Amino acid sequence: MISKITTKMIGALAALLILCGAPAHTALAADGQIELVIGTGSIKGKIFAMGNGVATAVALGGKGVAIYNYATKGAKDNLKRISKKKRAINLAAVPAKSLAKAGAKQLKAISGLMSLGTHKGDTVLLVVRNKAPKGVSKSAYAKAVGEVVAVLNSAAAAKMIKREWSGWSPASGAGAFKSAGVKRHAAAAM
Amino acid sequence: MAKRLQATLVAGLVGAGLLAATPVAAETPAEFYKDNVITIILGAGPGGGYDLYARTVMSHLVKHIPGKPKYILQFMPGAGGQKAAQYVYNVSSKDGSKLAKLSNMLPVFQLLRGNVKYDVAKLNYIGRAASMQYVTMVWHTTGVKSLEDAQKATTPIIFGSSGKSQSNYIVPTVMRELLGLNVKVIAGYPGTAAINKALEQGEVTGRAGAWSSWISRAGHLIKSGQVVAIAQSGLEKATGITNGYGQPTPLLLDLAKNDDERAILKLLASDAAIGRNFSVPPGVPRDRVKALCRAFDATMADPTFLAKAKKRKLIVEPKTCEWLTKTAREIVATPKPLVARAKALLGWK
């Protein structure tokens with residue numbers, strides 16, 4: 001009982017610390033680079049490790065864009081966070097089965113980018129939030145997303161990400177997006 | 001005498017610790033960091049103060065690190081920042097490519113909660129960007145304009161708090177238990193915004209909060225004189241925070257009646273001093289730690305960084321890695337009986 005209360009108290013503290021003295025900020029770094037956050041999964045899981053590979057590959061090969069990995073509670077949490085009104089993430093790794101169960105509101109907020117590979121027998125898909133981050137124009141956002149897709153389809157990225165996750169096998173994912181009812185992004189992998 | 005000896009011992013340990021930490025790596029720091037990617041692990045999610053400080057500091061820090069590496073952020077919220085601390089301390093690589101911006105509450109959790117899988121005294125600190133100075137504010141209708149007024153108050157000042165583990169509980173509780181103020185604490189508010197609302201609605205009459213939070217979230221209440229600062233909590237006194245009479249607000253630490261009380265107040269105010277800190281795990285080659293420390297110092301003096309911080313309304317009160325290491329080790333060295341007293345005072349089990 002006490003440890004349950006303690007965990008709750010510590011959780012509430014985390015939330016407070018996040019809110020403490022935090023003026024709103026844009027997704028633009030000092031050098032004008034667009035910073036995007038990808039929701040992956042638990043720090044013990046393979047999808048989180050894949051997220052580290054993706055972020056590193058984009059840091060080394062991307063121009064004008066950076067990806068930051070967010071250790072979330074998994075697919076459901078990712079879908080919730082990518083369709084939030086405030087403090088939303090921009091990209092999410094979601095297994096096809098979870099995407100098929102997403103609500104209409106969540107599906108409306110996102111577009112499909114590509115499939116990343118197979119994990120536990122399910123295709124892992126990469127989705128992007130339709131709304132551009134605060135302080136970033138629609139065109140700049142679209143360009144940044146296009147750059148991410150280009151980097152992730154490169155051989156250099158594959159080499160880097162496979163070190164973290166052997167399931168990496170990028171493809172268009174068109175069929176999976178279609179059956180989930182998610183429209184594909186203009187920059188989606190062909 | 002004993003106190004002086006303790007301070008000398010701690011200083012000696014800090015020096016010895018920094019020098020004898022880990023051998024120098026075969027590669028120079030510049031060779032290691034060139035074409036490398038640094039990951040900074042945050043004990044929080046995106047969009048808050050942790051994120052904002054990390055992005056602002058990192059985008060300039062990498063320019064001062066030999067080899068000019070790239071960087072990425074990794075958000076790892078959970079258990080009040082302890083999840084990230086345990087990961088950084090026990091799992092992440094110890095080559096200097098993993099930096100961390102961890103919770104300022106870790107020393108308090110380590111001493112008062114126990115059973116943690118990290119030791120804040122063994123972290124390799126890189127530096128602190130800002131303190132998290134707590135300021136106690138009271139609502140204007142209480143008639144209290146200074147700490148002296150509060151000490152004479154017959155009607156209790158009711159402080160809103162979001163939980164027993166939080167500074168908005170710790171600070172007023174310390175004021176009541178150690179300084180004898182007529183104070184009540186109502187815990188259970190979901191967060192700062194809710195307490196501020198309760199203040200405006202007359203449900204509570206006081207709140208202790210980070211100065212940066214007061215400025216950014218309730219600056220209008222300060223400007224209009226609806227809330228009045230009466231005290232500060234931290235290890236260093238911030239200038240420019242005045243009470244209702246226009247006099248400088250006192251630091252709670254300075255009101256300790258003896259060395260024991262001072263040690264307890266120091267422990268409970270340590271989160272403010274540790275503040276917005278950056279570190280790498282134990283075991284990182286010492287030449288890389290040194291390179292990161294000096295790069296951090298250079299960043300804090302970099303005019304482009306300072307301009308960016310100002311634009312983003314970020315307070316910058318830097319401290320070196322040596323200062324942070326010494327402070328963390330002094331806090332952890334708090335004698336056990338005093339830790340037990342602090343725990344009892346807060347009603348923590």
# chains A, B, ... in the order shown; residues from 1 in each chain; ligands from 1
$ residues_around --residues "A:Trp165" --least-positions-apart "6" --cutoff "9 Å" --atoms "only C-alpha atoms" --output "list in words"
Lys46, Ile47, Ala49, Met50 and Gly53 of chain A
$ atom_distance --atom1 "atom CA of B:Phe32" --atom2 "atom CA of A:Ala71"
26.9 Å
$ select_by_dssp --residues "stretch 145-309 of chain B" --states "strand (DSSP E)" --output "list in words"
Ile157, Ile158, Phe159, Gly160, Ser161, Val183, Lys184, Val185, Ile186, Ala187, Gly206, Arg207, Ala208, Gly209, Ala210, Val227, Val228, Ala229, Ile230, Ala231, Gln232, Ser233, Asn277, Phe278, Ser279 and Val280 of chain B
$ residues_around --residues "stretch 120-127 of chain A" --least-positions-apart "6" --cutoff "6 Å" --atoms "only C-alpha atoms" --output "number ranges by chain"
A: 91-96, 111-114
$ write_last_selection --atoms "N, CA, C and O atoms" --output "compact mmCIF listing (two decimals), in the first residue's frame"
# COMPACT_ATOMS: atom_id res chain seq x y z
N LEU A 91 6.19 11.49 -34.57
CA LEU A 91 6.29 10.22 -35.27
C LEU A 91 6.01 9.10 -34.28
O LEU A 91 6.23 9.27 -33.08
N ALA A 92 5.54 7.97 -34.78
CA ALA A 92 5.31 6.84 -33.87
C ALA A 92 5.53 5.53 -34.59
O ALA A 92 5.19 5.39 -35.77
N ALA A 93 6.11 4.58 -33.88
CA ALA A 93 6.25 3.21 -34.39
C ALA A 93 5.06 2.43 -33.84
O ALA A 93 4.89 2.36 -32.61
N VAL A 94 4.25 1.89 -34.73
CA VAL A 94 3.04 1.19 -34.29
C VAL A 94 2.88 -0.13 -35.05
O VAL A 94 2.91 -0.14 -36.28
N PRO A 95 2.71 -1.25 -34.36
CA PRO A 95 2.46 -2.51 -35.06
C PRO A 95 1.12 -2.45 -35.82
O PRO A 95 0.17 -1.78 -35.36
N ALA A 96 1.07 -3.12 -36.97
CA ALA A 96 -0.13 -3.05 -37.83
C ALA A 96 -1.39 -3.45 -37.07
O ALA A 96 -2.45 -2.83 -37.25
N SER A 111 -0.72 10.14 -40.68
CA SER A 111 -0.55 9.61 -42.03
C SER A 111 0.51 8.51 -41.98
O SER A 111 1.38 8.53 -41.09
N GLY A 112 0.44 7.62 -42.95
CA GLY A 112 1.40 6.51 -42.99
C GLY A 112 2.66 6.92 -43.73
O GLY A 112 2.59 7.63 -44.74
N LEU A 113 3.81 6.48 -43.22
CA LEU A 113 5.08 6.80 -43.90
C LEU A 113 5.72 5.58 -44.53
O LEU A 113 6.08 5.59 -45.70
N MET A 114 5.90 4.53 -43.75
CA MET A 114 6.57 3.32 -44.27
C MET A 114 6.46 2.20 -43.24
O MET A 114 6.08 2.44 -42.11
$ residues_around --residues "A:Ser169" --least-positions-apart "2" --cutoff "8 Å" --atoms "only C-alpha atoms" --output "ChimeraX atom specification"
/A:115-118,158,167,171
$ atom_distance --atom1 "atom CA of B:Ala301" --atom2 "atom CA of B:Tyr134"
24.6 Å
$ closest_atom_pairs --of "chain B" --to "chain A" --cutoff "8 Å" --atoms "only C-alpha atoms" --output "tab-separated table"
residue	atom	partner	partner_atom	distance
B:Asp35	CA	A:Leu60	CA	7.9
B:Val37	CA	A:Thr56	CA	6.7
B:Ala44	CA	A:Ile18	CA	6.6
B:Gly45	CA	A:Tyr70	CA	7.1
B:Pro46	CA	A:Arg87	CA	7.1
B:Gly47	CA	A:Arg87	CA	5.7
B:Gly48	CA	A:Ile18	CA	4.6
B:Gly49	CA	A:Ala22	CA	4.3
B:Tyr50	CA	A:Ile18	CA	6.5
B:Leu52	CA	A:His25	CA	7.0
B:Arg55	CA	A:Ala29	CA	7.2
B:Thr56	CA	A:Ala30	CA	7.4
B:Ser59	CA	A:Ala30	CA	6.4
B:His60	CA	A:Ala30	CA	8.0
B:Lys70	CA	A:Ala59	CA	6.5
B:Tyr71	CA	A:Ala59	CA	6.9
B:Ile72	CA	A:Tyr68	CA	5.8
B:Leu73	CA	A:Tyr68	CA	4.9
B:Gln74	CA	A:Asn69	CA	4.8
B:Phe75	CA	A:Tyr70	CA	4.5
B:Met76	CA	A:Ala71	CA	5.3
B:Pro77	CA	A:Ala71	CA	7.4
B:Gly78	CA	A:Gly11	CA	6.6
B:Ala79	CA	A:Gly11	CA	5.2
B:Gly80	CA	A:Ala14	CA	4.3
B:Gly81	CA	A:Ala14	CA	6.5
B:Ser162	CA	A:Ala12	CA	7.3
B:Gly163	CA	A:Met9	CA	5.9
B:Lys164	CA	A:Met9	CA	7.0
B:Ser165	CA	A:Met9	CA	6.2
B:Gln166	CA	A:Leu13	CA	6.1
B:Pro190	CA	A:Ala12	CA	7.4
B:Gly191	CA	A:Leu16	CA	5.7
B:Thr192	CA	A:Leu16	CA	6.8
B:Ala210	CA	A:Cys20	CA	6.9
B:Trp211	CA	A:Gly21	CA	7.7
B:Ser212	CA	A:Gly21	CA	4.7
B:Ser213	CA	A:Gly21	CA	3.6
B:Trp214	CA	A:Gly21	CA	7.2
B:Ile215	CA	A:Gly21	CA	7.5
B:Ser216	CA	A:Gly21	CA	5.8
B:Arg217	CA	A:Gly21	CA	7.1
B:Lys308	CA	A:Ala30	CA	7.5
B:Arg312	CA	A:Pro23	CA	7.2
B:Lys313	CA	A:Pro23	CA	7.1
$ write_last_selection --atoms "C-alpha atoms" --output "PDB file, in the first residue's frame"
ATOM      1  CA  ASP B  35      31.830  11.872 -36.216  1.00  0.00           C
ATOM      2  CA  VAL B  37      26.645  11.006 -31.830  1.00  0.00           C
ATOM      3  CA  ALA B  44      11.132  13.283 -18.309  1.00  0.00           C
ATOM      4  CA  GLY B  45       8.980  13.429 -21.420  1.00  0.00           C
ATOM      5  CA  PRO B  46       9.152  16.011 -24.200  1.00  0.00           C
ATOM      6  CA  GLY B  47       7.730  19.519 -23.939  1.00  0.00           C
ATOM      7  CA  GLY B  48       8.706  20.570 -20.420  1.00  0.00           C
ATOM      8  CA  GLY B  49      11.538  22.327 -18.631  1.00  0.00           C
ATOM      9  CA  TYR B  50      13.880  19.317 -18.855  1.00  0.00           C
ATOM     10  CA  LEU B  52      13.774  22.919 -23.110  1.00  0.00           C
ATOM     11  CA  ARG B  55      17.756  21.261 -26.246  1.00  0.00           C
ATOM     12  CA  THR B  56      19.069  24.746 -25.558  1.00  0.00           C
ATOM     13  CA  SER B  59      22.697  22.654 -29.347  1.00  0.00           C
ATOM     14  CA  HIS B  60      25.535  24.883 -28.074  1.00  0.00           C
ATOM     15  CA  LYS B  70      26.224  15.435 -33.220  1.00  0.00           C
ATOM     16  CA  TYR B  71      23.606  14.829 -30.559  1.00  0.00           C
ATOM     17  CA  ILE B  72      20.204  13.287 -30.020  1.00  0.00           C
ATOM     18  CA  LEU B  73      17.776  13.404 -27.106  1.00  0.00           C
ATOM     19  CA  GLN B  74      16.238  10.366 -25.458  1.00  0.00           C
ATOM     20  CA  PHE B  75      13.172  10.856 -23.287  1.00  0.00           C
ATOM     21  CA  MET B  76      12.862   8.375 -20.460  1.00  0.00           C
ATOM     22  CA  PRO B  77      10.179   9.480 -17.980  1.00  0.00           C
ATOM     23  CA  GLY B  78       9.034   7.396 -15.029  1.00  0.00           C
ATOM     24  CA  ALA B  79       9.158   7.143 -11.222  1.00  0.00           C
ATOM     25  CA  GLY B  80      10.039  10.802 -10.696  1.00  0.00           C
ATOM     26  CA  GLY B  81      13.137  10.536 -12.862  1.00  0.00           C
ATOM     27  CA  SER B 162       0.730  18.231  -5.012  1.00  0.00           C
ATOM     28  CA  GLY B 163       2.165  15.503  -2.797  1.00  0.00           C
ATOM     29  CA  LYS B 164       4.439  14.610   0.088  1.00  0.00           C
ATOM     30  CA  SER B 165       7.454  13.943  -2.165  1.00  0.00           C
ATOM     31  CA  GLN B 166       7.384  17.392  -3.622  1.00  0.00           C
ATOM     32  CA  PRO B 190      -2.733  17.762  -9.416  1.00  0.00           C
ATOM     33  CA  GLY B 191      -0.080  20.367 -10.155  1.00  0.00           C
ATOM     34  CA  THR B 192       1.140  23.942 -10.101  1.00  0.00           C
ATOM     35  CA  ALA B 210      10.369  27.141  -8.307  1.00  0.00           C
ATOM     36  CA  TRP B 211      11.155  30.785  -9.027  1.00  0.00           C
ATOM     37  CA  SER B 212      11.266  30.023 -12.758  1.00  0.00           C
ATOM     38  CA  SER B 213       7.770  28.543 -12.437  1.00  0.00           C
ATOM     39  CA  TRP B 214       6.439  31.626 -10.623  1.00  0.00           C
ATOM     40  CA  ILE B 215       7.891  33.863 -13.315  1.00  0.00           C
ATOM     41  CA  SER B 216       6.625  31.876 -16.280  1.00  0.00           C
ATOM     42  CA  ARG B 217       3.260  30.719 -14.965  1.00  0.00           C
ATOM     43  CA  LYS B 308      19.053  31.911 -26.912  1.00  0.00           C
ATOM     44  CA  ARG B 312      13.415  31.271 -24.305  1.00  0.00           C
ATOM     45  CA  LYS B 313      13.069  32.895 -20.848  1.00  0.00           C
TER      46      LYS B 313
END
$ residues_around --residues "B:Pro69" --least-positions-apart "6" --cutoff "7 Å" --atoms "only C-alpha atoms" --output "list in words"
Tyr33, Lys34, Asp35, Asn36, Val37, Ile38 and Val62 of chain B
$ atom_distance --atom1 "atom CA of B:Ala340" --atom2 "atom CA of B:Arg113"
10.5 Å
$ select_by_dssp --residues "stretch 127-322 of chain B" --states "helix (DSSP H, G or I)" --output "ChimeraX atom specification"
/B:140-142,147-152,167-177,192-200,211-223,252-255,259-268,270-274,286-300,303-311,321-322
$ closest_residue --among "A:Ala188, A:Ala132, A:Ile34, A:Leu79" --to "A:Leu107" --atoms "only C-alpha atoms"
A:Leu79
$ residues_around --residues "B:Lys319" --least-positions-apart "3" --cutoff "8 Å" --atoms "only C-alpha atoms" --output "list in words"
Gly127, Arg128, Ala129, Ala130, Trp323 and Leu324 of chain B
$ residues_around --residues "B:Ala272" --least-positions-apart "4" --cutoff "7 Å" --atoms "only C-alpha atoms" --output "list in words"
Ser131, Met132, Gln133, Tyr134 and Gly234 of chain B
$ write_last_selection --atoms "N, CA, C and O atoms" --output "PDB file, in the first residue's frame"
ATOM      1  N   SER B 131      19.857  26.880 -11.081  1.00  0.00           N
ATOM      2  CA  SER B 131      19.351  26.288  -9.843  1.00  0.00           C
ATOM      3  C   SER B 131      17.834  26.137 -10.005  1.00  0.00           C
ATOM      4  O   SER B 131      17.265  26.602 -10.983  1.00  0.00           O
ATOM      5  N   MET B 132      17.218  25.496  -9.055  1.00  0.00           N
ATOM      6  CA  MET B 132      15.747  25.461  -9.058  1.00  0.00           C
ATOM      7  C   MET B 132      15.298  26.052  -7.723  1.00  0.00           C
ATOM      8  O   MET B 132      14.671  25.400  -6.900  1.00  0.00           O
ATOM      9  N   GLN B 133      15.698  27.307  -7.542  1.00  0.00           N
ATOM     10  CA  GLN B 133      15.415  28.026  -6.308  1.00  0.00           C
ATOM     11  C   GLN B 133      13.906  28.047  -6.030  1.00  0.00           C
ATOM     12  O   GLN B 133      13.121  28.429  -6.893  1.00  0.00           O
ATOM     13  N   TYR B 134      13.531  27.630  -4.824  1.00  0.00           N
ATOM     14  CA  TYR B 134      12.118  27.655  -4.458  1.00  0.00           C
ATOM     15  C   TYR B 134      11.804  28.943  -3.702  1.00  0.00           C
ATOM     16  O   TYR B 134      12.572  29.349  -2.826  1.00  0.00           O
ATOM     17  N   GLY B 234      16.949  26.997  -0.793  1.00  0.00           N
ATOM     18  CA  GLY B 234      18.037  26.571  -1.672  1.00  0.00           C
ATOM     19  C   GLY B 234      19.313  26.662  -0.878  1.00  0.00           C
ATOM     20  O   GLY B 234      19.277  26.875   0.346  1.00  0.00           O
TER      21      GLY B 234
END
